[in-house]
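The file data_6.cif comes next; it holds mmCIF, C-alpha atoms and all ligand atoms.
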data_data
loop_
_atom_site.label_atom_id
_atom_site.label_comp_id
_atom_site.auth_asym_id
_atom_site.auth_seq_id
_atom_site.Cartn_x
_atom_site.Cartn_y
_atom_site.Cartn_z
CA MET A 1 -49.08 172.58 15.00
CA LEU A 2 -49.55 173.25 11.33
CA SER A 3 -46.42 171.32 10.44
CA PRO A 4 -44.59 168.45 12.15
CA THR A 5 -41.40 170.55 12.14
CA TRP A 6 -40.99 174.27 12.66
CA ALA A 7 -38.43 176.93 13.57
CA GLU A 8 -39.31 179.04 16.57
CA VAL A 9 -37.82 182.54 16.48
CA ASN A 10 -37.79 184.58 19.68
CA LEU A 11 -38.17 188.26 18.79
CA SER A 12 -37.42 189.32 22.36
CA ALA A 13 -33.97 187.78 21.88
CA ILE A 14 -33.48 189.75 18.65
CA GLU A 15 -34.50 193.01 20.34
CA GLN A 16 -32.26 192.39 23.34
CA ASN A 17 -29.36 191.45 21.09
CA VAL A 18 -29.77 194.67 19.09
CA ARG A 19 -29.87 196.79 22.24
CA HIS A 20 -26.84 195.09 23.72
CA LEU A 21 -24.86 195.33 20.48
CA SER A 22 -25.70 199.03 20.16
CA GLN A 23 -24.44 199.53 23.69
CA ILE A 24 -21.18 197.67 23.03
CA SER A 25 -20.45 199.33 19.70
CA GLN A 26 -21.65 202.87 20.53
CA ALA A 27 -22.45 203.28 16.84
CA PRO A 28 -25.64 203.15 14.77
CA LEU A 29 -26.42 199.58 13.76
CA MET A 30 -27.32 198.08 10.39
CA ALA A 31 -29.26 194.85 10.90
CA VAL A 32 -28.10 192.52 8.13
CA VAL A 33 -31.18 190.53 7.11
CA LYS A 34 -30.01 188.99 3.83
CA ALA A 35 -30.93 185.40 2.99
CA ASN A 36 -34.30 185.72 4.70
CA GLY A 37 -32.73 187.11 7.85
CA TYR A 38 -30.16 184.29 8.01
CA GLY A 39 -33.10 181.89 7.83
CA HIS A 40 -35.01 183.59 10.68
CA GLY A 41 -37.47 185.52 8.48
CA ALA A 42 -36.38 188.89 7.04
CA ILE A 43 -39.57 190.89 7.60
CA GLU A 44 -40.12 189.96 11.24
CA ILE A 45 -36.43 190.32 12.10
CA SER A 46 -36.29 193.72 10.39
CA LYS A 47 -39.30 194.98 12.34
CA ALA A 48 -37.89 193.73 15.65
CA ALA A 49 -34.43 195.17 14.94
CA LEU A 50 -35.86 198.57 13.97
CA ALA A 51 -38.09 198.60 17.06
CA ALA A 52 -34.97 198.03 19.16
CA GLY A 53 -33.19 200.95 17.53
CA ALA A 54 -31.43 199.67 14.39
CA ALA A 55 -30.79 202.55 11.97
CA TRP A 56 -30.34 200.61 8.73
CA LEU A 57 -31.21 197.27 7.14
CA GLY A 58 -28.78 195.40 4.91
CA VAL A 59 -29.76 192.87 2.26
CA ALA A 60 -27.77 191.00 -0.39
CA ARG A 61 -30.10 191.40 -3.37
CA VAL A 62 -32.56 193.90 -4.78
CA ASP A 63 -35.53 191.53 -4.50
CA GLU A 64 -34.80 191.06 -0.79
CA GLY A 65 -34.93 194.83 -0.35
CA LEU A 66 -38.12 195.16 -2.38
CA ALA A 67 -39.82 192.54 -0.20
CA LEU A 68 -39.11 194.67 2.86
CA VAL A 69 -40.45 197.82 1.18
CA GLN A 70 -43.56 195.91 0.12
CA ALA A 71 -44.04 194.78 3.72
CA GLY A 72 -44.32 198.45 4.66
CA ILE A 73 -40.88 198.82 6.20
CA ARG A 74 -39.68 202.42 5.97
CA ALA A 75 -36.03 202.41 6.97
CA PRO A 76 -32.92 202.95 4.87
CA ILE A 77 -32.05 199.68 3.13
CA LEU A 78 -28.64 199.02 1.61
CA VAL A 79 -28.29 196.34 -1.06
CA LEU A 80 -24.83 194.99 -0.18
CA GLY A 81 -24.45 192.68 -3.14
CA PRO A 82 -24.33 192.90 -6.93
CA VAL A 83 -27.24 194.27 -8.92
CA ALA A 84 -28.47 193.16 -12.35
CA PRO A 85 -29.03 196.05 -14.80
CA SER A 86 -32.67 194.99 -15.14
CA GLU A 87 -33.23 195.57 -11.40
CA VAL A 88 -31.84 199.09 -11.18
CA ASP A 89 -35.03 201.05 -12.02
CA ASP A 90 -37.13 199.19 -9.46
CA ALA A 91 -34.44 199.60 -6.84
CA ILE A 92 -34.15 203.37 -7.35
CA LEU A 93 -37.91 203.94 -7.59
CA ASN A 94 -38.43 202.04 -4.32
CA GLY A 95 -35.77 204.03 -2.52
CA LEU A 96 -33.23 201.24 -2.03
CA THR A 97 -29.63 202.34 -1.59
CA LEU A 98 -27.35 200.51 -4.02
CA THR A 99 -23.72 199.52 -3.75
CA LEU A 100 -21.43 201.03 -6.36
CA TYR A 101 -18.68 198.47 -6.84
CA ASN A 102 -17.11 199.20 -10.23
CA ALA A 103 -17.01 201.71 -13.07
CA GLU A 104 -19.54 199.76 -15.17
CA VAL A 105 -22.31 199.88 -12.56
CA ALA A 106 -21.51 203.56 -11.96
CA GLU A 107 -22.47 204.24 -15.59
CA ILE A 108 -25.60 202.06 -15.33
CA TYR A 109 -26.76 203.78 -12.13
CA ALA A 110 -26.16 207.20 -13.67
CA ASP A 111 -27.91 206.28 -16.96
CA ARG A 112 -30.95 204.82 -15.24
CA SER A 113 -31.19 207.71 -12.74
CA HIS A 114 -31.20 210.08 -15.68
CA ALA A 115 -33.79 208.00 -17.57
CA ILE A 116 -36.27 207.76 -14.71
CA GLY A 117 -35.61 211.23 -13.33
CA ARG A 118 -34.64 210.20 -9.84
CA ALA A 119 -31.16 210.24 -8.30
CA ALA A 120 -29.75 206.89 -7.23
CA SER A 121 -28.61 206.82 -3.62
CA ILE A 122 -25.45 204.77 -3.41
CA HIS A 123 -22.72 203.56 -1.08
CA LEU A 124 -19.32 203.19 -2.69
CA LYS A 125 -17.68 199.86 -1.90
CA VAL A 126 -13.90 199.80 -1.63
CA ASP A 127 -12.06 196.49 -1.91
CA THR A 128 -9.35 196.89 0.71
CA GLY A 129 -8.42 193.22 0.74
CA MET A 130 -11.50 191.00 0.59
CA GLY A 131 -11.01 190.24 -3.10
CA ARG A 132 -14.74 190.35 -3.73
CA LEU A 133 -16.88 193.34 -4.78
CA GLY A 134 -15.44 196.83 -4.73
CA VAL A 135 -13.11 199.28 -6.37
CA LEU A 136 -9.46 199.28 -5.39
CA ALA A 137 -8.38 202.26 -3.30
CA GLU A 138 -6.17 203.56 -6.13
CA ASP A 139 -9.17 203.69 -8.49
CA VAL A 140 -11.30 205.73 -6.08
CA PRO A 141 -10.15 209.19 -7.31
CA THR A 142 -11.02 208.42 -10.96
CA LEU A 143 -14.40 207.04 -9.97
CA ALA A 144 -15.06 210.00 -7.68
CA ARG A 145 -14.44 212.39 -10.60
CA ARG A 146 -16.84 210.37 -12.74
CA ILE A 147 -19.57 210.41 -10.05
CA ILE A 148 -19.29 214.19 -9.82
CA GLN A 149 -19.32 214.53 -13.64
CA ARG A 150 -22.45 212.42 -14.07
CA GLY A 151 -24.26 214.35 -11.35
CA ASN A 152 -27.32 212.18 -10.81
CA ILE A 153 -25.78 209.83 -8.29
CA HIS A 154 -26.08 210.72 -4.61
CA LEU A 155 -23.04 209.36 -2.75
CA ASP A 156 -24.57 208.68 0.68
CA GLY A 157 -21.90 206.31 2.01
CA VAL A 158 -18.64 204.51 1.53
CA PHE A 159 -17.72 201.14 2.95
CA THR A 160 -15.44 198.16 2.89
CA HIS A 161 -15.67 194.55 4.05
CA LEU A 162 -13.13 192.81 6.27
CA ALA A 163 -11.75 189.44 5.24
CA ARG A 164 -10.07 188.41 8.49
CA ALA A 165 -11.91 190.14 11.33
CA GLY A 166 -12.94 186.72 12.64
CA GLU A 167 -9.35 185.78 13.43
CA SER A 168 -7.61 186.43 16.72
CA ASP A 169 -4.77 188.28 14.91
CA PHE A 170 -5.99 191.73 13.86
CA ALA A 171 -2.95 192.63 11.74
CA TYR A 172 -4.67 192.20 8.39
CA THR A 173 -7.73 194.14 9.60
CA GLN A 174 -5.40 197.02 10.44
CA THR A 175 -3.97 196.89 6.91
CA GLN A 176 -7.47 196.97 5.44
CA LEU A 177 -8.41 199.93 7.64
CA LEU A 178 -5.33 201.84 6.52
CA ARG A 179 -6.26 201.31 2.87
CA PHE A 180 -9.83 202.35 3.65
CA ARG A 181 -8.66 205.58 5.29
CA ASN A 182 -6.57 206.36 2.19
CA ALA A 183 -9.63 205.83 0.03
CA LEU A 184 -11.67 208.15 2.29
CA GLU A 185 -9.00 210.82 2.03
CA SER A 186 -8.97 210.68 -1.75
CA LEU A 187 -12.78 211.00 -1.79
CA GLN A 188 -12.57 214.05 0.44
CA ALA A 189 -9.80 215.53 -1.70
CA ALA A 190 -12.17 215.15 -4.66
CA GLY A 191 -14.81 217.10 -2.74
CA LEU A 192 -17.07 214.14 -1.85
CA HIS A 193 -18.20 213.81 1.77
CA PRO A 194 -20.48 210.79 2.18
CA THR A 195 -22.54 210.69 5.38
CA TRP A 196 -21.93 207.06 6.31
CA THR A 197 -18.54 205.36 6.44
CA HIS A 198 -18.61 201.75 7.59
CA ALA A 199 -16.45 198.66 7.76
CA ALA A 200 -17.34 196.47 10.74
CA ASN A 201 -19.17 193.15 10.57
CA SER A 202 -20.15 191.32 13.80
CA ALA A 203 -16.62 190.11 14.52
CA ALA A 204 -15.07 193.56 14.16
CA ALA A 205 -17.89 195.35 16.00
CA LEU A 206 -17.40 193.02 18.99
CA THR A 207 -13.62 193.26 19.11
CA ASP A 208 -12.23 196.46 17.61
CA PRO A 209 -13.56 199.94 18.51
CA ALA A 210 -11.41 201.52 15.76
CA VAL A 211 -13.45 199.78 13.06
CA ARG A 212 -16.89 200.95 14.21
CA LEU A 213 -16.86 204.34 12.39
CA ASP A 214 -20.37 205.67 11.57
CA LEU A 215 -22.21 202.36 11.35
CA VAL A 216 -21.71 198.68 12.23
CA ARG A 217 -23.15 196.02 9.92
CA ILE A 218 -24.33 193.21 12.16
CA GLY A 219 -25.52 189.81 10.99
CA ALA A 220 -24.33 186.82 13.04
CA ALA A 221 -24.34 188.51 16.46
CA LEU A 222 -27.82 189.94 15.90
CA TYR A 223 -29.12 186.38 15.82
CA GLY A 224 -27.02 185.42 18.86
CA LEU A 225 -24.58 183.42 16.76
CA ASP A 226 -20.79 183.46 17.06
CA PRO A 227 -19.16 185.52 14.27
CA SER A 228 -16.39 182.93 13.88
CA ALA A 229 -14.73 180.01 15.61
CA ASP A 230 -12.37 182.46 17.36
CA ILE A 231 -14.76 185.32 18.13
CA HIS A 232 -17.68 184.45 20.39
CA VAL A 233 -20.73 186.52 21.22
CA PRO A 234 -20.78 187.82 24.81
CA PRO A 235 -23.00 185.84 27.19
CA GLN A 236 -25.66 188.60 27.17
CA LEU A 237 -26.50 187.71 23.56
CA ARG A 238 -28.60 184.62 22.96
CA PRO A 239 -29.56 182.57 19.92
CA ALA A 240 -33.01 183.57 18.69
CA LEU A 241 -33.84 180.43 16.76
CA ALA A 242 -34.88 176.98 17.96
CA TRP A 243 -35.65 174.24 15.44
CA LYS A 244 -38.23 171.76 16.66
CA ALA A 245 -40.25 168.77 15.51
CA GLN A 246 -42.75 166.29 16.82
CA LEU A 247 -41.83 162.63 17.03
CA ALA A 248 -43.81 160.90 14.28
CA SER A 249 -43.57 157.28 15.37
CA CYS A 250 -41.88 154.96 17.85
CA LYS A 251 -41.68 151.21 17.62
CA THR A 252 -39.47 148.26 18.52
CA LEU A 253 -37.66 146.84 15.51
CA PRO A 254 -36.83 143.13 15.52
CA ALA A 255 -33.15 142.20 15.84
CA LYS A 256 -30.98 142.75 12.73
CA TRP A 257 -33.79 144.68 11.01
CA GLY A 258 -31.75 147.58 9.56
CA VAL A 259 -32.67 151.27 9.45
CA SER A 260 -33.11 153.46 6.35
CA TYR A 261 -31.56 153.31 2.88
CA SER A 262 -28.61 150.96 2.42
CA HIS A 263 -28.88 149.76 6.02
CA GLN A 264 -25.87 151.73 7.13
CA TYR A 265 -27.24 151.14 10.61
CA VAL A 266 -28.29 147.65 11.67
CA ASN A 267 -29.65 146.99 15.13
CA TYR A 268 -28.23 143.74 16.50
CA ASP A 269 -30.77 143.43 19.31
CA PRO A 270 -34.40 144.51 19.17
CA GLU A 271 -34.37 148.30 19.51
CA LEU A 272 -36.75 151.21 19.96
CA ILE A 273 -36.49 153.35 16.85
CA GLY A 274 -38.27 156.69 16.48
CA VAL A 275 -39.08 158.49 13.26
CA LEU A 276 -38.60 162.27 12.99
CA PRO A 277 -40.45 164.27 10.30
CA ILE A 278 -37.22 165.98 9.23
CA GLY A 279 -35.02 165.27 6.26
CA TYR A 280 -32.43 166.80 4.03
CA ALA A 281 -35.11 168.72 2.11
CA ASP A 282 -35.71 170.64 5.35
CA GLY A 283 -32.02 171.54 5.55
CA TRP A 284 -31.10 168.70 7.94
CA ARG A 285 -27.94 167.34 6.35
CA ARG A 286 -27.21 163.74 5.45
CA THR A 287 -24.04 163.80 7.53
CA ARG A 288 -23.56 160.91 9.97
CA GLY A 289 -23.53 161.56 13.70
CA ASN A 290 -26.54 163.89 13.97
CA VAL A 291 -27.94 164.31 17.46
CA VAL A 292 -31.28 165.69 18.74
CA LEU A 293 -32.78 166.33 22.18
CA ILE A 294 -35.72 164.22 23.28
CA ALA A 295 -36.97 164.53 26.87
CA GLY A 296 -33.82 166.54 27.62
CA ARG A 297 -31.49 163.74 26.49
CA ARG A 298 -29.04 163.76 23.62
CA THR A 299 -30.41 161.14 21.26
CA PRO A 300 -28.50 159.82 18.23
CA VAL A 301 -29.86 159.85 14.72
CA VAL A 302 -29.20 156.42 13.17
CA GLY A 303 -29.16 155.32 9.54
CA ARG A 304 -29.21 157.57 6.51
CA VAL A 305 -31.14 160.82 6.67
CA CYS A 306 -33.91 160.62 4.04
CA MET A 307 -35.46 163.52 2.14
CA ASP A 308 -38.36 163.96 4.59
CA MET A 309 -37.53 161.78 7.60
CA CYS A 310 -34.77 160.43 9.77
CA MET A 311 -34.64 157.90 12.58
CA VAL A 312 -33.41 158.02 16.18
CA ARG A 313 -32.46 155.27 18.63
CA LEU A 314 -34.52 155.72 21.78
CA PRO A 315 -33.53 154.45 25.24
CA GLN A 316 -37.18 154.13 26.29
CA PRO A 317 -40.61 154.42 24.68
CA VAL A 318 -41.60 157.97 23.69
CA SER A 319 -45.12 158.95 22.62
CA PRO A 320 -45.61 160.20 19.10
CA GLY A 321 -46.16 163.96 19.23
CA THR A 322 -43.40 164.46 21.79
CA GLU A 323 -41.34 167.59 21.12
CA VAL A 324 -37.90 167.01 19.65
CA ILE A 325 -35.20 169.72 19.57
CA LEU A 326 -32.83 169.89 16.61
CA LEU A 327 -31.41 173.29 17.58
CA GLY A 328 -32.07 174.93 20.90
CA GLU A 329 -32.59 174.04 24.54
CA GLN A 330 -34.62 171.48 26.43
CA ASP A 331 -34.48 170.69 30.15
CA GLY A 332 -31.08 172.30 30.60
CA GLU A 333 -29.46 170.59 27.61
CA ALA A 334 -28.65 172.64 24.51
CA ILE A 335 -27.65 172.02 20.93
CA ARG A 336 -26.21 175.17 19.38
CA ALA A 337 -25.81 175.96 15.70
CA GLU A 338 -22.05 176.01 16.31
CA GLU A 339 -22.14 172.36 17.42
CA VAL A 340 -24.19 171.28 14.42
CA ALA A 341 -21.86 173.26 12.14
CA ALA A 342 -18.85 171.32 13.42
CA ARG A 343 -20.64 168.05 12.65
CA TRP A 344 -21.53 169.24 9.16
CA ALA A 345 -18.06 170.68 8.47
CA THR A 346 -19.50 174.15 7.86
CA ASN A 347 -20.26 177.32 9.84
CA ASN A 348 -23.19 178.22 12.10
CA LEU A 349 -24.62 180.71 9.58
CA ASP A 350 -24.85 178.00 6.94
CA VAL A 351 -26.80 175.81 9.40
CA VAL A 352 -29.53 178.38 10.11
CA SER A 353 -29.73 179.96 6.66
CA SER A 354 -30.17 176.51 5.06
CA ILE A 355 -33.32 175.65 7.03
CA SER A 356 -35.59 175.31 4.03
CA ALA A 357 -38.74 177.24 3.17
CA ARG A 358 -40.79 174.10 3.94
CA VAL A 359 -40.13 174.62 7.65
CA PRO A 360 -42.57 177.26 8.95
CA ARG A 361 -41.11 180.03 11.10
CA ILE A 362 -43.09 180.70 14.24
CA TYR A 363 -42.56 183.92 16.19
CA VAL A 364 -42.63 184.04 19.94
CA ARG A 365 -41.58 186.41 22.66
CA ASP A 366 -40.28 185.78 26.15
CA GLY A 367 -43.09 184.38 28.26
CA ALA A 368 -44.94 183.06 25.23
CA SER A 369 -42.15 180.70 24.21
CA GLU A 370 -43.15 177.88 26.56
CA ARG A 371 -46.56 177.56 24.97
CA THR A 372 -45.21 176.00 21.84
CA ASN A 373 -48.14 173.79 20.98
CA GLN A 374 -50.78 176.44 20.86
CA HIS A 375 -51.21 179.77 19.24
CA ASP A 376 -52.01 182.88 21.13
CA ALA A 377 -51.83 186.61 20.54
CA GLU A 378 -48.07 186.63 20.89
CA THR A 379 -47.36 183.76 18.55
CA TRP A 380 -47.81 183.85 14.80
CA ILE A 381 -46.65 182.05 11.73
CA SER A 382 -45.24 183.09 8.40
C1 LIG B 401 -23.16 189.48 5.45
C2 LIG B 401 -22.45 190.77 5.54
C3 LIG B 401 -22.28 191.40 6.79
C4 LIG B 401 -22.68 190.75 8.10
O1 LIG B 401 -21.66 189.87 8.51
P1 LIG B 401 -21.75 189.07 9.91
O2 LIG B 401 -20.41 188.44 10.02
O3 LIG B 401 -22.85 188.08 9.77
O4 LIG B 401 -22.00 190.10 10.96
C5 LIG B 401 -21.68 192.64 6.79
N1 LIG B 401 -21.27 193.23 5.66
C6 LIG B 401 -21.40 192.65 4.45
C7 LIG B 401 -20.91 193.34 3.23
C8 LIG B 401 -21.99 191.40 4.35
O5 LIG B 401 -22.11 190.81 3.16
#
How does this structure look as structure tokens?
Ligand SMILES: *Cc1c(COP(=O)(O)O)cnc(C)c1O
Amino acid sequence: MLSPTWAEVNLSAIEQNVRHLSQISQAPLMAVVKANGYGHGAIEISKAALAAGAAWLGVARVDEGLALVQAGIRAPILVLGPVAPSEVDDAILNGLTLTLYNAEVAEIYADRSHAIGRAASIHLKVDTGMGRLGVLAEDVPTLARRIIQRGNIHLDGVFTHLARAGESDFAYTQTQLLRFRNALESLQAAGLHPTWTHAANSAAALTDPAVRLDLVRIGAALYGLDPSADIHVPPQLRPALAWKAQLASCKTLPAKWGVSYSHQYVNYDPELIGVLPIGYADGWRRTRGNVVLIAGRRTPVVGRVCMDMCMVRLPQPVSPGTEVILLGEQDGEAIRAEEVAARWATNNLDVVSSISARVPRIYVRDGASERTNQHDAETWIS
């Protein structure tokens, strides 16, 4: 191993998840790979998702899109989030599709398109009740007229984002869809007919056929993660990421020795304490009650988590170098991101996307995943 801790990403799982999600949703799929592919590695995830049939890639920022283009990826890429004026030229010249979310950016896109002599491809974002980016449905006609007037913007799509698709009650989603349909009608009345209309995130794509439209934007479920506490991925989808480490040290501490800063944990009897090469700078939170798998057993983290290390209480001696699982499976036991999220009072996506850049991502495929301590043709690092 090149590092004492690493995240192992199974690309076979990503490909199978994409195929299964395409089958369920019966709609073209946008693989959402923002935030470094939810911590999994944006370039590798994009390639795997496209190989499995994804039609689009979605990113949050222009620089995330540019990184994909620079990696040689030739698929339509939508920048879902806000754009700084200074980024617009690069985005257009590299063929990224931008989100048009208010009248000000409409003018900037049109000005820059004119200046560089290339039409900006855009998707219009309608705020139907998320209260985030987007134009209100009632402002769509005015904006549509302006887009037509300016001429150098190519309206390729129109979309909205659902605020409450992760809840078991779909009533608000229905309200949002109604507003979205009104916005679509006013676009059509203005003579604009974008190719792609889309609204569904993972939660909606899994639960509500009416929301799937021309394209489903899938993040969480692509990685095998539950879209929300109420909406679970079907059993055919599996988590692609396992977070692992090697035990750094194991020794018996004398009675009443105390473990880590401030001695929040004090061993009353002599105890076997192991050291893990994982700390909060890796994205392993300082929350109490952390648990890892060692030799297939749930093993408690004791004492404060440090920046680069934390300690575990071991029932029996374990050799340094032994594989420890922070997220993933071992000998039939599993720790899922959803479980860790509950402990950290956050969601599963926060857990995986916060694994820091210091933790190398290692890519495996089914069949190669057992050989974790060696590198072969099917395993590589980025
Ligand atoms: C992140 C994001 C998605 C993906 O959401 P998931 O719940 O992870 O599937 C879809 N659309 C937009 C606009 C997003 O920002």
Q) Which is closest to ligand LIG 401 (chain B) among A:Ile147, A:Val140, A:Ile108, A:Leu162, if we use only C-alpha atoms and all ligand atoms? A)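 Nearest to ligand LIG 401 (chain B): A:Leu162.
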Q.
Set the distance at 12 Å and use only C-alpha atoms: which residues neighbour Val351 in chain A once local chain neighbours fewer than 6 positions away are removed? I'd like the list as a list in words.
A. Tyr38, Gly39, His40, Ala220, Leu225, Leu241, Ala242, Trp243, Tyr280, Asp282, Gly283, Trp284, Arg285, Leu326, Leu327, Arg336, Ala337, Glu338, Glu339, Val340, Ala341, Ala342, Arg343, Trp344 and Ala345 of chain A
Q: Calculate how many Å separate CA of Asp208 in chain A from CA of Leu29 in chain A, rounding to one decimal.
A: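 Calculated distance between CA of Asp208 in chain A and CA of Leu29 in chain A is 15.0 Å.
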Q: For Leu247 in chain A, please output as an MDAnalysis selection string all residues within 6 Å (counting only C-alpha atoms; exclusion window: fewer than 4 positions along the same chain).
A: chainID A and resid 276 320:322
Enumerate, in order of chain and increasing residue number, the residues of chain A with an atom no farther than 10 Å from ligand LIG 401 (chain B), each with its shortest atom pair and distance in Å to one decimal, counting all atoms listed in the file, as JSON lines.
{"residue": "A:Met30", "atom": "CA", "partner": "B:LIG401", "partner_atom": "C5", "distance": 8.6}
{"residue": "A:Ala31", "atom": "CA", "partner": "B:LIG401", "partner_atom": "C4", "distance": 8.2}
{"residue": "A:Val32", "atom": "CA", "partner": "B:LIG401", "partner_atom": "C4", "distance": 5.7}
{"residue": "A:Val33", "atom": "CA", "partner": "B:LIG401", "partner_atom": "C1", "distance": 8.3}
{"residue": "A:Lys34", "atom": "CA", "partner": "B:LIG401", "partner_atom": "C1", "distance": 7.1}
{"residue": "A:Ala35", "atom": "CA", "partner": "B:LIG401", "partner_atom": "C1", "distance": 9.1}
{"residue": "A:Tyr38", "atom": "CA", "partner": "B:LIG401", "partner_atom": "O3", "distance": 8.4}
{"residue": "A:Gly58", "atom": "CA", "partner": "B:LIG401", "partner_atom": "C5", "distance": 7.8}
{"residue": "A:Val59", "atom": "CA", "partner": "B:LIG401", "partner_atom": "O5", "distance": 8.0}
{"residue": "A:Ala60", "atom": "CA", "partner": "B:LIG401", "partner_atom": "O5", "distance": 6.7}
{"residue": "A:Leu78", "atom": "CA", "partner": "B:LIG401", "partner_atom": "C7", "distance": 9.7}
{"residue": "A:Val79", "atom": "CA", "partner": "B:LIG401", "partner_atom": "C7", "distance": 9.0}
{"residue": "A:Leu80", "atom": "CA", "partner": "B:LIG401", "partner_atom": "C7", "distance": 5.5}
{"residue": "A:Gly81", "atom": "CA", "partner": "B:LIG401", "partner_atom": "O5", "distance": 7.0}
{"residue": "A:Thr99", "atom": "CA", "partner": "B:LIG401", "partner_atom": "C7", "distance": 9.7}
{"residue": "A:Lys125", "atom": "CA", "partner": "B:LIG401", "partner_atom": "C7", "distance": 8.9}
{"residue": "A:Arg132", "atom": "CA", "partner": "B:LIG401", "partner_atom": "C7", "distance": 9.8}
{"residue": "A:Leu133", "atom": "CA", "partner": "B:LIG401", "partner_atom": "C7", "distance": 9.0}
{"residue": "A:Phe159", "atom": "CA", "partner": "B:LIG401", "partner_atom": "C7", "distance": 8.4}
{"residue": "A:Thr160", "atom": "CA", "partner": "B:LIG401", "partner_atom": "C7", "distance": 7.3}
{"residue": "A:His161", "atom": "CA", "partner": "B:LIG401", "partner_atom": "C7", "distance": 5.4}
{"residue": "A:Leu162", "atom": "CA", "partner": "B:LIG401", "partner_atom": "N1", "distance": 8.2}
{"residue": "A:Ala163", "atom": "CA", "partner": "B:LIG401", "partner_atom": "O2", "distance": 9.9}
{"residue": "A:Ala165", "atom": "CA", "partner": "B:LIG401", "partner_atom": "O2", "distance": 8.8}
{"residue": "A:Gly166", "atom": "CA", "partner": "B:LIG401", "partner_atom": "O2", "distance": 8.1}
{"residue": "A:His198", "atom": "CA", "partner": "B:LIG401", "partner_atom": "N1", "distance": 9.1}
{"residue": "A:Ala199", "atom": "CA", "partner": "B:LIG401", "partner_atom": "N1", "distance": 7.6}
{"residue": "A:Ala200", "atom": "CA", "partner": "B:LIG401", "partner_atom": "C5", "distance": 7.0}
{"residue": "A:Asn201", "atom": "CA", "partner": "B:LIG401", "partner_atom": "O4", "distance": 4.2}
{"residue": "A:Ser202", "atom": "CA", "partner": "B:LIG401", "partner_atom": "O4", "distance": 3.6}
{"residue": "A:Ala203", "atom": "CA", "partner": "B:LIG401", "partner_atom": "O2", "distance": 6.1}
{"residue": "A:Ala204", "atom": "CA", "partner": "B:LIG401", "partner_atom": "O4", "distance": 8.4}
{"residue": "A:Ala205", "atom": "CA", "partner": "B:LIG401", "partner_atom": "O4", "distance": 8.4}
{"residue": "A:Leu206", "atom": "CA", "partner": "B:LIG401", "partner_atom": "O4", "distance": 9.7}
{"residue": "A:Val216", "atom": "CA", "partner": "B:LIG401", "partner_atom": "C5", "distance": 8.1}
{"residue": "A:Arg217", "atom": "CA", "partner": "B:LIG401", "partner_atom": "C5", "distance": 4.8}
{"residue": "A:Ile218", "atom": "CA", "partner": "B:LIG401", "partner_atom": "O4", "distance": 4.1}
{"residue": "A:Gly219", "atom": "CA", "partner": "B:LIG401", "partner_atom": "O3", "distance": 3.4}
{"residue": "A:Ala220", "atom": "CA", "partner": "B:LIG401", "partner_atom": "O3", "distance": 3.8}
{"residue": "A:Ala221", "atom": "CA", "partner": "B:LIG401", "partner_atom": "O4", "distance": 6.2}
{"residue": "A:Leu222", "atom": "CA", "partner": "B:LIG401", "partner_atom": "O4", "distance": 7.6}
{"residue": "A:Tyr223", "atom": "CA", "partner": "B:LIG401", "partner_atom": "O3", "distance": 8.9}
{"residue": "A:Leu225", "atom": "CA", "partner": "B:LIG401", "partner_atom": "O3", "distance": 8.6}
{"residue": "A:Asp226", "atom": "CA", "partner": "B:LIG401", "partner_atom": "O2", "distance": 8.6}
{"residue": "A:Pro227", "atom": "CA", "partner": "B:LIG401", "partner_atom": "O2", "distance": 5.3}
{"residue": "A:Ser228", "atom": "CA", "partner": "B:LIG401", "partner_atom": "O2", "distance": 7.8}
{"residue": "A:Leu349", "atom": "CA", "partner": "B:LIG401", "partner_atom": "O3", "distance": 7.6}
Q) Using all atoms listed in the file, which residue out of A:His123, A:Arg19, A:Arg146, A:Arg286 lies closest to Ala190 in chain A? A) A:Arg146
